[in-house]
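> Data: input04.csv, CSV, C-alpha atoms and all ligand atoms.
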```csv
chain,number,residue,atom,x,y,z
A,12,MET,CA,-29.7,6.8,2.8
A,13,GLU,CA,-27.8,5.6,-0.2
A,14,VAL,CA,-27.3,1.9,-0.3
A,15,PHE,CA,-24.5,0.3,-2.4
A,16,ASP,CA,-24.5,-3.3,-3.8
A,17,VAL,CA,-20.9,-3.7,-2.7
A,18,THR,CA,-18.6,-1.6,-0.5
A,19,ILE,CA,-15.0,-2.4,-0.9
A,20,ILE,CA,-12.8,-1.4,2.1
A,21,GLY,CA,-9.2,-1.0,1.0
A,22,GLY,CA,-7.8,0.6,-2.2
A,23,GLY,CA,-4.8,-1.6,-2.9
A,24,PRO,CA,-4.5,-4.0,-5.9
A,25,ALA,CA,-7.2,-6.3,-4.5
A,26,GLY,CA,-9.7,-3.6,-3.7
A,27,LEU,CA,-9.1,-1.7,-7.0
A,28,TYR,CA,-9.4,-4.8,-9.2
A,29,ALA,CA,-12.6,-5.8,-7.3
A,30,ALA,CA,-14.0,-2.3,-8.1
A,31,PHE,CA,-13.3,-2.9,-11.8
A,32,TYR,CA,-14.8,-6.3,-11.8
A,33,SER,CA,-17.9,-5.2,-9.7
A,34,GLY,CA,-18.5,-2.5,-12.4
A,35,LEU,CA,-18.2,-5.2,-15.1
A,36,ARG,CA,-20.9,-7.1,-13.2
A,37,GLU,CA,-23.1,-4.0,-13.2
A,38,MET,CA,-23.1,-3.5,-9.5
A,39,LYS,CA,-23.3,-0.2,-7.6
A,40,VAL,CA,-19.8,0.1,-6.0
A,41,LYS,CA,-18.1,2.2,-3.4
A,42,VAL,CA,-14.3,2.0,-2.6
A,43,ILE,CA,-13.1,3.3,0.8
A,44,GLU,CA,-9.4,3.9,1.5
A,45,ALA,CA,-7.8,5.1,4.7
A,46,GLN,CA,-4.8,6.8,3.0
A,47,PRO,CA,-5.2,10.0,0.9
A,48,TYR,CA,-4.1,7.9,-2.1
A,49,PHE,CA,-4.9,4.5,-3.7
A,50,GLY,CA,-2.3,1.8,-4.3
A,51,GLY,CA,-2.0,-0.1,-1.0
A,52,LYS,CA,1.4,-1.5,0.0
A,53,ILE,CA,2.8,-0.9,-3.5
A,54,GLN,CA,3.1,2.7,-2.3
A,55,LEU,CA,5.9,1.5,0.1
A,56,TYR,CA,8.1,0.5,-2.8
A,57,PRO,CA,7.4,2.8,-5.7
A,58,ASP,CA,11.0,2.7,-7.1
A,59,LYS,CA,11.2,-1.1,-7.3
A,60,VAL,CA,10.9,-3.0,-10.5
A,61,ILE,CA,8.1,-5.6,-10.6
A,62,TRP,CA,8.6,-8.6,-12.9
A,63,ASP,CA,6.0,-11.1,-11.8
A,64,VAL,CA,2.6,-9.7,-12.8
A,65,GLY,CA,1.3,-11.9,-15.6
A,66,GLY,CA,1.5,-10.4,-19.1
A,67,GLN,CA,3.1,-7.2,-17.7
A,68,PRO,CA,6.7,-6.4,-18.8
A,69,PRO,CA,9.1,-5.4,-15.9
A,70,THR,CA,7.8,-2.1,-14.7
A,71,LEU,CA,8.3,0.4,-12.0
A,72,ALA,CA,5.9,-0.1,-9.1
A,73,CYS,CA,4.8,3.5,-9.3
A,74,LYS,CA,3.8,3.0,-12.9
A,75,LEU,CA,1.9,-0.2,-12.1
A,76,ILE,CA,0.0,1.6,-9.4
A,77,ASP,CA,-1.2,4.2,-12.0
A,78,GLN,CA,-2.4,1.4,-14.2
A,79,ILE,CA,-4.1,-0.5,-11.4
A,80,ILE,CA,-5.9,2.7,-10.3
A,81,ARG,CA,-6.9,3.6,-13.9
A,82,GLN,CA,-8.5,0.2,-14.3
A,83,GLY,CA,-10.1,0.3,-10.9
A,84,LEU,CA,-11.9,3.5,-11.8
A,85,THR,CA,-13.1,2.3,-15.2
A,86,PHE,CA,-16.8,2.2,-14.2
A,87,ASN,CA,-16.7,5.3,-12.0
A,88,PRO,CA,-17.2,3.8,-8.6
A,89,SER,CA,-18.0,6.1,-5.7
A,90,ILE,CA,-14.7,6.9,-4.0
A,91,CYS,CA,-13.8,7.8,-0.4
A,92,LEU,CA,-10.1,8.6,0.3
A,93,ASN,CA,-8.6,9.5,3.7
A,94,GLU,CA,-11.4,7.5,5.3
A,95,LYS,CA,-10.5,4.9,7.8
A,96,ILE,CA,-13.3,2.4,8.5
A,97,THR,CA,-13.4,1.7,12.3
A,98,SER,CA,-16.4,-0.7,12.6
A,99,ILE,CA,-18.8,-2.8,10.6
A,100,GLU,CA,-22.1,-4.1,11.9
A,101,LYS,CA,-25.0,-5.9,10.2
A,102,GLN,CA,-28.7,-4.9,10.8
A,103,ASP,CA,-31.1,-7.3,9.1
A,104,ASP,CA,-29.6,-7.6,5.6
A,105,LEU,CA,-27.8,-4.4,5.6
A,106,PHE,CA,-24.1,-3.7,6.5
A,107,ILE,CA,-23.3,-0.5,8.2
A,108,ALA,CA,-19.6,0.6,8.0
A,109,ARG,CA,-18.5,3.6,10.1
A,110,SER,CA,-15.6,5.9,9.9
A,111,GLU,CA,-15.1,9.0,12.2
A,112,ASN,CA,-17.3,11.2,10.0
A,113,GLN,CA,-19.4,9.0,7.8
A,114,ILE,CA,-21.8,6.0,7.8
A,115,HIS,CA,-21.8,3.8,4.7
A,116,TYR,CA,-24.7,1.4,3.9
A,117,SER,CA,-24.2,-1.6,1.7
A,118,LYS,CA,-25.8,-5.0,0.8
A,119,THR,CA,-22.4,-6.6,0.8
A,120,ILE,CA,-18.9,-5.8,2.0
A,121,ILE,CA,-15.5,-6.8,0.5
A,122,LEU,CA,-12.7,-6.4,3.0
A,123,ALA,CA,-9.5,-5.7,1.0
A,124,ILE,CA,-7.5,-4.3,3.9
A,125,GLY,CA,-4.3,-6.2,3.1
A,126,GLY,CA,-1.7,-5.8,5.9
A,127,GLY,CA,-3.7,-3.1,7.6
A,128,ILE,CA,-3.0,0.6,7.4
A,129,PHE,CA,0.7,1.3,7.1
A,130,SER,CA,2.3,4.4,8.7
A,131,PRO,CA,6.0,5.0,8.7
A,132,GLN,CA,7.8,5.1,12.1
A,133,ARG,CA,9.0,8.6,12.7
A,134,LEU,CA,12.0,10.0,14.5
A,135,THR,CA,11.0,12.2,17.5
A,136,VAL,CA,13.2,15.0,16.3
A,137,PHE,CA,11.2,15.1,13.1
A,138,GLU,CA,7.7,15.2,14.6
A,139,ASN,CA,6.4,17.9,12.3
A,140,HIS,CA,5.9,17.4,8.6
A,141,LEU,CA,8.9,18.9,6.9
A,142,GLU,CA,9.3,19.5,3.2
A,143,ASN,CA,12.5,17.5,2.7
A,144,ILE,CA,11.7,14.4,4.8
A,145,HIS,CA,10.7,11.4,2.9
A,146,TYR,CA,9.7,7.8,3.8
A,147,THR,CA,10.0,6.1,0.4
A,148,ILE,CA,12.1,6.8,-2.7
A,149,LYS,CA,9.3,8.2,-4.8
A,150,SER,CA,11.5,9.5,-7.6
A,151,PRO,CA,15.3,9.0,-7.5
A,152,SER,CA,15.7,12.2,-9.6
A,153,LEU,CA,14.6,14.2,-6.5
A,154,TYR,CA,18.1,13.4,-5.0
A,155,LYS,CA,20.1,14.4,-8.0
A,156,ASN,CA,23.2,16.4,-6.9
A,157,LYS,CA,21.8,16.7,-3.3
A,158,ARG,CA,23.3,15.9,0.0
A,159,LEU,CA,21.2,13.1,1.4
A,160,VAL,CA,21.0,11.6,4.9
A,161,ILE,CA,19.4,8.2,5.3
A,162,SER,CA,18.3,7.4,8.8
A,163,GLY,CA,17.8,3.7,8.7
A,164,LYS,CA,17.2,0.3,10.2
A,165,GLY,CA,18.0,-3.0,8.5
A,166,ALA,CA,19.6,-3.9,5.2
A,167,SER,CA,17.2,-1.7,3.1
A,168,ALA,CA,18.8,1.6,4.4
A,169,PHE,CA,22.1,0.4,2.9
A,170,ASP,CA,20.4,-0.7,-0.3
A,171,TRP,CA,18.8,2.8,-0.6
A,172,ALA,CA,22.2,4.4,0.0
A,173,ASN,CA,23.8,2.3,-2.8
A,174,ALA,CA,20.9,2.9,-5.2
A,175,LEU,CA,21.0,6.7,-4.7
A,176,ALA,CA,24.8,7.2,-4.4
A,177,GLU,CA,25.2,7.4,-8.1
A,178,ILE,CA,23.0,10.5,-8.5
A,179,ALA,CA,23.2,12.2,-5.1
A,180,GLU,CA,26.2,14.5,-4.4
A,181,LYS,CA,26.8,12.8,-1.0
A,182,VAL,CA,25.0,10.1,0.9
A,183,THR,CA,25.4,9.5,4.7
A,184,VAL,CA,23.6,6.6,6.5
A,185,VAL,CA,22.9,7.1,10.2
A,186,VAL,CA,22.1,3.9,12.0
A,187,SER,CA,21.4,3.8,15.8
A,188,ASP,CA,21.2,0.0,16.3
A,189,GLU,CA,24.3,-1.3,17.9
A,190,LYS,CA,23.9,-4.7,16.3
A,191,GLU,CA,23.3,-3.5,12.7
A,192,LYS,CA,25.5,-5.8,10.5
A,193,ILE,CA,26.6,-5.0,7.0
A,194,THR,CA,27.5,-7.9,4.8
A,195,PRO,CA,31.0,-7.7,3.2
A,196,ASP,CA,29.3,-7.4,-0.3
A,197,VAL,CA,27.2,-4.4,0.7
A,198,GLN,CA,30.1,-2.9,2.6
A,199,LYS,CA,32.3,-3.1,-0.5
A,200,ARG,CA,29.6,-1.3,-2.7
A,201,LEU,CA,29.1,1.4,0.0
A,202,ALA,CA,32.9,2.0,0.0
A,203,GLU,CA,33.0,2.1,-3.8
A,204,ASN,CA,30.0,4.6,-3.8
A,205,ASN,CA,31.8,6.8,-1.2
A,206,VAL,CA,28.8,6.4,1.2
A,207,GLN,CA,29.5,7.8,4.7
A,208,ILE,CA,28.2,5.4,7.5
A,209,LEU,CA,27.6,6.5,11.0
A,210,LEU,CA,26.9,3.4,13.0
A,211,GLN,CA,25.6,3.4,16.6
A,212,THR,CA,24.6,7.0,16.1
A,213,SER,CA,21.4,8.9,16.7
A,214,ILE,CA,20.1,12.1,15.2
A,215,VAL,CA,19.5,14.3,18.2
A,216,GLN,CA,18.8,17.7,16.8
A,217,ALA,CA,17.6,19.2,13.5
A,218,GLU,CA,17.9,22.8,12.4
A,219,VAL,CA,15.1,23.9,10.2
A,220,ASP,CA,15.0,27.0,7.9
A,221,ASP,CA,12.2,29.5,7.2
A,222,GLU,CA,10.9,27.3,4.3
A,223,GLU,CA,10.3,24.4,6.7
A,224,ARG,CA,13.3,22.4,5.3
A,225,ILE,CA,15.9,20.7,7.5
A,226,ILE,CA,19.3,22.2,6.8
A,227,SER,CA,21.5,20.5,9.4
A,228,LEU,CA,21.5,17.5,11.6
A,229,MET,CA,23.3,16.9,14.9
A,230,CYS,CA,24.3,13.3,15.2
A,231,GLU,CA,25.5,11.7,18.4
A,232,ASN,CA,27.4,8.5,18.9
A,233,ILE,CA,25.3,6.5,21.5
A,234,ASN,CA,28.4,5.1,23.2
A,235,THR,CA,30.9,7.9,23.2
A,236,ASN,CA,28.4,10.9,23.0
A,237,GLU,CA,30.7,12.3,20.4
A,238,ARG,CA,28.8,14.8,18.2
A,239,LYS,CA,29.0,15.5,14.4
A,240,GLN,CA,27.0,18.1,12.4
A,241,ILE,CA,25.9,17.1,8.9
A,242,PHE,CA,24.5,19.6,6.4
A,243,VAL,CA,21.6,18.2,4.3
A,244,ASP,CA,19.3,18.9,1.4
A,245,GLU,CA,17.0,15.8,1.8
A,246,VAL,CA,16.4,13.2,4.5
A,247,LEU,CA,15.1,9.7,3.9
A,248,ILE,CA,13.8,7.8,6.9
A,249,ASN,CA,13.7,4.0,6.8
A,250,LEU,CA,12.8,2.8,10.3
A,251,GLY,CA,10.0,0.4,9.4
A,252,TYR,CA,6.2,0.7,9.6
A,253,ASP,CA,3.4,0.5,12.1
A,254,ARG,CA,0.3,-1.4,11.0
A,255,ASP,CA,-3.2,-0.6,12.1
A,256,PHE,CA,-5.6,-3.5,12.3
A,257,THR,CA,-8.1,-1.9,14.6
A,258,LEU,CA,-11.0,-2.5,12.2
A,259,LEU,CA,-10.8,-6.3,12.6
A,260,ARG,CA,-10.2,-6.0,16.4
A,261,ASN,CA,-13.2,-3.6,16.9
A,262,CYS,CA,-15.6,-5.4,14.6
A,263,ASP,CA,-18.4,-7.1,16.5
A,264,LEU,CA,-19.3,-9.4,13.6
A,265,PRO,CA,-18.3,-13.0,14.1
A,266,ILE,CA,-15.4,-13.0,11.6
A,267,GLN,CA,-13.3,-16.0,12.0
A,268,THR,CA,-9.6,-15.2,12.0
A,269,VAL,CA,-6.4,-17.2,11.9
A,270,GLU,CA,-2.9,-16.3,13.2
A,271,ASN,CA,-4.5,-13.3,14.9
A,272,SER,CA,-4.7,-10.9,12.1
A,273,TYR,CA,-5.8,-12.8,9.0
A,274,ILE,CA,-9.3,-13.7,7.9
A,275,ASP,CA,-10.0,-17.4,7.6
A,276,GLY,CA,-11.7,-17.6,4.2
A,277,GLN,CA,-12.2,-19.4,0.9
A,278,PRO,CA,-10.7,-18.8,-2.6
A,279,ASN,CA,-14.1,-17.3,-3.5
A,280,GLY,CA,-13.9,-14.8,-0.7
A,281,THR,CA,-16.6,-16.1,1.5
A,282,THR,CA,-16.0,-15.7,5.3
A,283,SER,CA,-17.8,-16.8,8.4
A,284,VAL,CA,-20.2,-13.9,8.0
A,285,PRO,CA,-22.7,-14.2,5.1
A,286,GLY,CA,-22.5,-11.2,2.8
A,287,LEU,CA,-19.0,-10.2,4.1
A,288,PHE,CA,-16.2,-11.2,1.8
A,289,ALA,CA,-12.4,-10.9,2.0
A,290,ILE,CA,-9.7,-10.7,-0.6
A,291,GLY,CA,-6.0,-10.0,-1.1
A,292,ASP,CA,-3.4,-10.2,1.6
A,293,ILE,CA,-5.9,-10.1,4.5
A,294,ILE,CA,-7.3,-13.6,3.7
A,295,LYS,CA,-5.8,-17.0,4.3
A,296,HIS,CA,-7.0,-20.1,2.3
A,297,ASN,CA,-5.1,-23.0,1.0
A,298,ALA,CA,-4.7,-21.6,-2.5
A,299,LYS,CA,-3.7,-18.1,-1.4
A,300,LEU,CA,-0.9,-16.3,-3.2
A,301,ASN,CA,0.4,-13.2,-1.4
A,302,MET,CA,1.2,-11.3,-4.5
A,303,ILE,CA,-0.4,-8.8,-6.8
A,304,SER,CA,-1.6,-11.5,-9.3
A,305,GLY,CA,-3.1,-13.4,-6.4
A,306,ALA,CA,-5.0,-10.3,-5.3
A,307,PHE,CA,-6.5,-10.0,-8.8
A,308,ILE,CA,-7.7,-13.6,-8.9
A,309,ASP,CA,-9.2,-13.3,-5.4
A,310,ALA,CA,-11.0,-10.2,-6.5
A,311,ALA,CA,-12.6,-11.7,-9.7
A,312,ASN,CA,-13.7,-14.9,-7.9
A,313,THR,CA,-15.1,-13.0,-5.1
A,314,VAL,CA,-17.0,-10.4,-7.1
A,315,ASN,CA,-18.7,-13.2,-9.0
A,316,LYS,CA,-19.7,-14.7,-5.7
A,317,VAL,CA,-21.0,-11.3,-4.4
A,318,LYS,CA,-23.1,-10.9,-7.6
A,319,GLN,CA,-24.7,-14.3,-7.0
A,320,TYR,CA,-25.3,-13.4,-3.3
A,321,ILE,CA,-27.2,-10.3,-4.3
A,322,ASP,CA,-28.9,-12.0,-7.3
A,323,PRO,CA,-28.9,-15.8,-7.1
A,324,LYS,CA,-30.1,-16.0,-10.7
A,325,ALA,CA,-27.1,-14.0,-12.0
A,326,SER,CA,-24.6,-15.9,-14.2
A,327,LYS,CA,-21.6,-17.4,-12.3
A,328,THR,CA,-19.0,-15.4,-14.1
A,329,ALA,CA,-18.7,-12.2,-16.2
A,330,MET,CA,-18.4,-12.4,-20.0
A,331,VAL,CA,-14.7,-12.0,-20.9
A,332,SER,CA,-13.8,-8.5,-22.0
A,333,THR,CA,-13.3,-9.2,-25.7
A,334,HIS,CA,-16.9,-10.3,-26.0
A,335,ASN,CA,-18.4,-8.1,-23.4
A,336,LYS,CA,-20.9,-5.6,-24.7
A,337,MET,CA,-20.0,-3.2,-21.9
A,338,PHE,CA,-16.8,-2.3,-23.7
A,339,LYS,CA,-18.3,-2.0,-27.2
A,340,ASN,CA,-18.5,1.8,-27.3
A,341,ARG,CA,-15.1,2.3,-25.8
A,342,ASN,CA,-13.1,-0.1,-27.9
A,343,ASP,CA,-12.8,2.1,-31.0
A,344,GLU,CA,-11.4,4.9,-28.8
A,345,ILE,CA,-8.9,2.5,-27.2
A,346,ARG,CA,-7.8,1.1,-30.6
A,347,LYS,CA,-7.0,4.6,-31.8
A,348,THR,CA,-4.8,5.4,-28.8
A,349,ILE,CA,-2.9,2.0,-29.1
A,350,ARG,CA,-2.3,1.8,-32.9
B,1,LIG,C1,8.5,-4.6,-0.1
B,1,LIG,C2,7.4,-5.4,-0.9
B,1,LIG,C3,7.7,-5.8,-2.2
B,1,LIG,C4,6.7,-6.6,-2.9
B,1,LIG,N1,7.0,-7.0,-4.2
B,1,LIG,C5,6.1,-7.6,-4.9
B,1,LIG,C6,6.3,-8.1,-6.2
B,1,LIG,O1,7.4,-7.9,-6.8
B,1,LIG,N2,5.3,-8.7,-6.9
B,1,LIG,C7,4.1,-9.0,-6.3
B,1,LIG,O2,3.3,-9.6,-7.0
B,1,LIG,N3,3.9,-8.6,-5.0
B,1,LIG,C8,4.8,-8.0,-4.3
B,1,LIG,N4,4.5,-7.6,-3.0
B,1,LIG,C9,3.2,-8.0,-2.4
B,1,LIG,C10,2.1,-7.1,-2.9
B,1,LIG,O3,2.4,-5.7,-2.7
B,1,LIG,C11,0.8,-7.4,-2.0
B,1,LIG,O4,0.6,-8.8,-2.2
B,1,LIG,C12,-0.4,-6.6,-2.5
B,1,LIG,O5,-0.1,-5.2,-2.3
B,1,LIG,C13,-1.6,-7.0,-1.7
B,1,LIG,O6,-2.7,-6.2,-2.1
B,1,LIG,P1,-3.9,-6.0,-1.1
B,1,LIG,O7,-4.8,-5.0,-1.9
B,1,LIG,O8,-4.4,-7.2,-0.6
B,1,LIG,O9,-3.4,-5.2,0.2
B,1,LIG,P2,-2.6,-3.8,0.4
B,1,LIG,O10,-1.7,-3.5,-0.8
B,1,LIG,O11,-2.0,-3.9,1.7
B,1,LIG,O12,-3.8,-2.7,0.4
B,1,LIG,C14,-4.7,-2.7,1.5
B,1,LIG,C15,-5.3,-1.3,1.5
B,1,LIG,O13,-6.3,-1.2,2.5
B,1,LIG,C16,-6.2,0.0,3.2
B,1,LIG,N5,-6.9,-0.2,4.6
B,1,LIG,C17,-6.5,-1.0,5.5
B,1,LIG,N6,-7.4,-0.9,6.6
B,1,LIG,C18,-8.3,0.0,6.2
B,1,LIG,C19,-9.4,0.5,6.9
B,1,LIG,N7,-9.8,0.2,8.2
B,1,LIG,N8,-10.2,1.5,6.3
B,1,LIG,C20,-9.9,1.9,5.0
B,1,LIG,N9,-8.8,1.4,4.3
B,1,LIG,C21,-8.0,0.5,4.9
B,1,LIG,C22,-4.7,0.2,3.4
B,1,LIG,O14,-4.5,1.6,3.6
B,1,LIG,C23,-4.2,-0.2,2.0
B,1,LIG,O15,-4.2,0.8,1.1
B,1,LIG,C24,5.5,-6.9,-2.3
B,1,LIG,C25,5.2,-6.4,-1.0
B,1,LIG,C26,6.2,-5.7,-0.3
B,1,LIG,C27,5.9,-5.2,1.1
```
Please express the file's structure as structure tokens.


Amino acid sequence: MEVFDVTIIGGGPAGLYAAFYSGLREMKVKVIEAQPYFGGKIQLYPDKVIWDVGGQPPTLACKLIDQIIRQGLTFNPSICLNEKITSIEKQDDLFIARSENQIHYSKTIILAIGGGIFSPQRLTVFENHLENIHYTIKSPSLYKNKRLVISGKGASAFDWANALAEIAEKVTVVVSDEKEKITPDVQKRLAENNVQILLQTSIVQAEVDDEERIISLMCENINTNERKQIFVDEVLINLGYDRDFTLLRNCDLPIQTVENSYIDGQPNGTTSVPGLFAIGDIIKHNAKLNMISGAFIDAANTVNKVKQYIDPKASKTAMVSTHNKMFKNRNDEIRKTIR
């Protein structure tokens, strides 16, 4: 049975920075993430430009994810991807976290589960995974000179259409909601961009070729039943997300929550369960900032507290990186790549 000093559940910005900082504090660390990739919620908006991370010039979210992951893995934590933790219990002083296939043992736990596990809402006609169905704009260049259909809900479907119209050959937005409103401003840009809009329309059939790609869609007006066939190269679906919070719901530990799905905690990550800490978007406290920088601050404060929980004689904080002997051997290498 391998016991870790700290097991971090959730590999978003909060969990990854906690992994970095726990390494800095010389703890044995494991990070567990339900998705097959790290990055947390930022994976939902990879094409957006982020301006408000301290010291970081405006950068594409997907680039920031890469940087956060690289930093999180600095001290080679043990990693489990594709692993959803379903329950946590405490026996004597040891935490036991279970997934479907594994049991993890740890002296402390940091819950960094953000807004839960996100999964995109699917259209029933697209139940199978098909090569040309996408749920986020990972790389706009994928749509270059392509015929694109966006099946959407809410203003962001129209924003996607306007953003991609410049590079795609043709963009069509299919919206089933009867009440979907388009502001005059957005309407004007959609018209300028030559975006076709099918309101009050559902996609009722998809024709798929031998390479598992959709090639045509049958769209039906929900009021008139009038049908229209559209030929496509790529399909983007923007119908919102389901969020899975079952871990908190199934957990027998007396974790105090607020507003149903947030952990009632402190800026130093402590919760109502000694040894179990929470950071990032899942926690509420009166200094909480629901943003990436806020997740980093939560993580550093909490890891320092975790260190002292395990070793009460440990110093309160880590030495800053410029003076920290842990980086001594790596600094020359880094200087060479930067200069
Ligand atoms: C559209 C949008 C735009 C945003 N723009 C900005 C911005 O410009 N600037 C900014 O600072 N912030 C922005 N934010 C907020 C920022 O993304 C969040 O504050 C940040 O991602 C929170 O990080 P986190 O690690 O706490 O949670 P998350 O990013 O939600 O990560 C939590 C991780 O935990 C995993 N997880 C959950 N449950 C389990 C489980 N049971 N087992 C294993 N893993 C689990 C999830 O899969 C997820 O990967 C934006 C958010 C959204 C939605």

> How big is the axis-aligned box around the listed atoms of stretch 143-151 of chain A once 4 Å is added on each side, and where is its centre? Give both in Å to one decimal, as lines of an AutoDock Vina configuration file.


```
center_x = 12.3
center_y = 11.8
center_z = -1.4
size_x = 14.0
size_y = 19.4
size_z = 20.4
```

> Could you list, as a PyMOL selection string, every residue within 10 Å of stretch 148-159 of chain A, counting all atoms listed in the file and ignoring same-chain residues fewer than 6 positions away?

chain A and resi 54-59+72-73+171-172+174-184+241-248

> Point out the residue among A:Asn232, A:Gln198, A:Asn93, A:Thr328 with the least atom-to-atom distance to ligand LIG 1 (chain B), counting all atoms listed in the file.

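Looking at the shortest contact to ligand LIG 1 (chain B), the residue is A:Asn93.
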
> Show me, as a Markdown table, the residues of chain A having an atom within 6 Å of ligand LIG 1 (chain B), each with the closest atom pair and its distance in Å, using only C-alpha atoms and all ligand atoms.


```
| residue | atom | partner | partner_atom | distance |
| --- | --- | --- | --- | --- |
| A:Ile20 | CA | B:LIG1 | C20 | 5.3 |
| A:Gly21 | CA | B:LIG1 | O13 | 3.3 |
| A:Gly22 | CA | B:LIG1 | C15 | 4.9 |
| A:Gly23 | CA | B:LIG1 | O7 | 3.5 |
| A:Pro24 | CA | B:LIG1 | O7 | 4.1 |
| A:Ala25 | CA | B:LIG1 | O7 | 3.8 |
| A:Gly26 | CA | B:LIG1 | O7 | 5.4 |
| A:Ile43 | CA | B:LIG1 | C20 | 5.5 |
| A:Glu44 | CA | B:LIG1 | N9 | 3.8 |
| A:Ala45 | CA | B:LIG1 | C20 | 3.8 |
| A:Gln46 | CA | B:LIG1 | O14 | 5.2 |
| A:Gly50 | CA | B:LIG1 | O15 | 5.8 |
| A:Gly51 | CA | B:LIG1 | O15 | 3.2 |
| A:Lys52 | CA | B:LIG1 | O10 | 3.8 |
| A:Ile53 | CA | B:LIG1 | O3 | 4.9 |
| A:Tyr56 | CA | B:LIG1 | C1 | 5.8 |
| A:Ile61 | CA | B:LIG1 | O1 | 4.5 |
| A:Asp63 | CA | B:LIG1 | N2 | 5.5 |
| A:Val64 | CA | B:LIG1 | O2 | 5.8 |
| A:Glu94 | CA | B:LIG1 | C20 | 5.8 |
| A:Lys95 | CA | B:LIG1 | N8 | 3.7 |
| A:Ile96 | CA | B:LIG1 | N8 | 3.9 |
| A:Thr97 | CA | B:LIG1 | N7 | 5.7 |
| A:Ala123 | CA | B:LIG1 | O8 | 5.6 |
| A:Ile124 | CA | B:LIG1 | O13 | 3.6 |
| A:Gly125 | CA | B:LIG1 | O9 | 3.2 |
| A:Gly126 | CA | B:LIG1 | O11 | 4.6 |
| A:Gly127 | CA | B:LIG1 | C17 | 4.1 |
| A:Ile128 | CA | B:LIG1 | O14 | 4.2 |
| A:Leu258 | CA | B:LIG1 | N7 | 5.0 |
| A:Gly291 | CA | B:LIG1 | O8 | 3.3 |
| A:Asp292 | CA | B:LIG1 | O8 | 3.9 |
| A:Asn301 | CA | B:LIG1 | O4 | 4.5 |
| A:Met302 | CA | B:LIG1 | O4 | 3.4 |
| A:Ile303 | CA | B:LIG1 | O2 | 3.8 |
| A:Ser304 | CA | B:LIG1 | O2 | 5.7 |
| A:Ala306 | CA | B:LIG1 | O8 | 5.7 |
```

> Do you know which residues are at most 9 Å from A:Asp263 counting all atoms listed in the file, after dropping those on the same chain fewer than 3 positions away, and could you put them as a ChimeraX atom specification?

/A:98-100,259-260,266

> Figure out the distance between atom CA of A:Leu201 and atom CA of A:Ile144, please, to one decimal in Å.

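Spanning atom CA of A:Ile144 to atom CA of A:Leu201 is a straight-line distance of 22.2 Å.
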
> What is the distance, in Å and to one decimal place, between atom CA of A:Ile76 and atom CA of A:Tyr146?

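The value is 17.5 Å.
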
> Counting all atoms listed in the file, what is within 7 Å of stretch 308-320 of chain A, bar same-chain residues fewer than 4 positions away, as a ChimeraX atom specification?

/A:25,28-29,32-33,278-280,290-291,304,324-325,327-328

> Give the answer as one residue: which of A:Lys347, A:Arg109, A:Lys336, A:Lys74 has the shortest atom-to-atom distance to A:Asn261, using all atoms listed in the file?

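Comparing A:Lys347, A:Arg109, A:Lys336, A:Lys74 against A:Asn261, the winner is A:Arg109.
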
> Which of these residues is nearest to A:Ala30, using all atoms listed in the file: A:Glu142, A:Ile90, A:Asn340, A:Met12?

A:Ile90

> For the point (-13.8, -0.1, -22.7) in the file's frame, write as a list in words all residues with an atom no more than 12 Å away, counting only C-alpha atoms.

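Selection result: Phe31, Gly34, Leu35, Arg81, Gln82, Leu84, Thr85, Phe86, Ser332, Thr333, His334, Asn335, Lys336, Met337, Phe338, Lys339, Asn340, Arg341, Asn342, Asp343, Glu344, Ile345 and Arg346 of chain A.
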
> With distances taken over all atoms listed in the file, which residue among A:Ile193, A:Val160, A:Met38, A:Leu250 lies nearest A:Ser227?

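Counting all atoms listed in the file, the residue closest to A:Ser227 is A:Val160.
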
> Missing atoms in stretch 107-114 of chain A: can you complete it with N, CA and C atoms, as a short mmCIF file (atom, residue, chain, number, x, y, z; two decimals), in the coordinates of the input?


```cif
data_model
loop_
_atom_site.label_atom_id
_atom_site.label_comp_id
_atom_site.auth_asym_id
_atom_site.auth_seq_id
_atom_site.Cartn_x
_atom_site.Cartn_y
_atom_site.Cartn_z
N ILE A 107 -23.49 -1.90 7.86
CA ILE A 107 -23.30 -0.50 8.20
C ILE A 107 -21.77 -0.36 8.56
N ALA A 108 -21.04 0.39 7.74
CA ALA A 108 -19.60 0.60 8.00
C ALA A 108 -19.41 2.04 8.44
N ARG A 109 -18.71 2.21 9.55
CA ARG A 109 -18.50 3.60 10.10
C ARG A 109 -17.09 4.01 10.05
N SER A 110 -16.92 5.30 9.74
CA SER A 110 -15.60 5.90 9.90
C SER A 110 -15.87 7.05 10.96
N GLU A 111 -14.87 7.89 11.17
CA GLU A 111 -15.10 9.00 12.20
C GLU A 111 -16.18 9.90 11.78
N ASN A 112 -16.31 10.15 10.46
CA ASN A 112 -17.30 11.20 10.00
C ASN A 112 -18.45 10.67 9.23
N GLN A 113 -18.38 9.43 8.77
CA GLN A 113 -19.40 9.00 7.80
C GLN A 113 -19.97 7.62 8.19
N ILE A 114 -21.21 7.36 7.68
CA ILE A 114 -21.80 6.00 7.80
C ILE A 114 -22.07 5.54 6.38
#
```
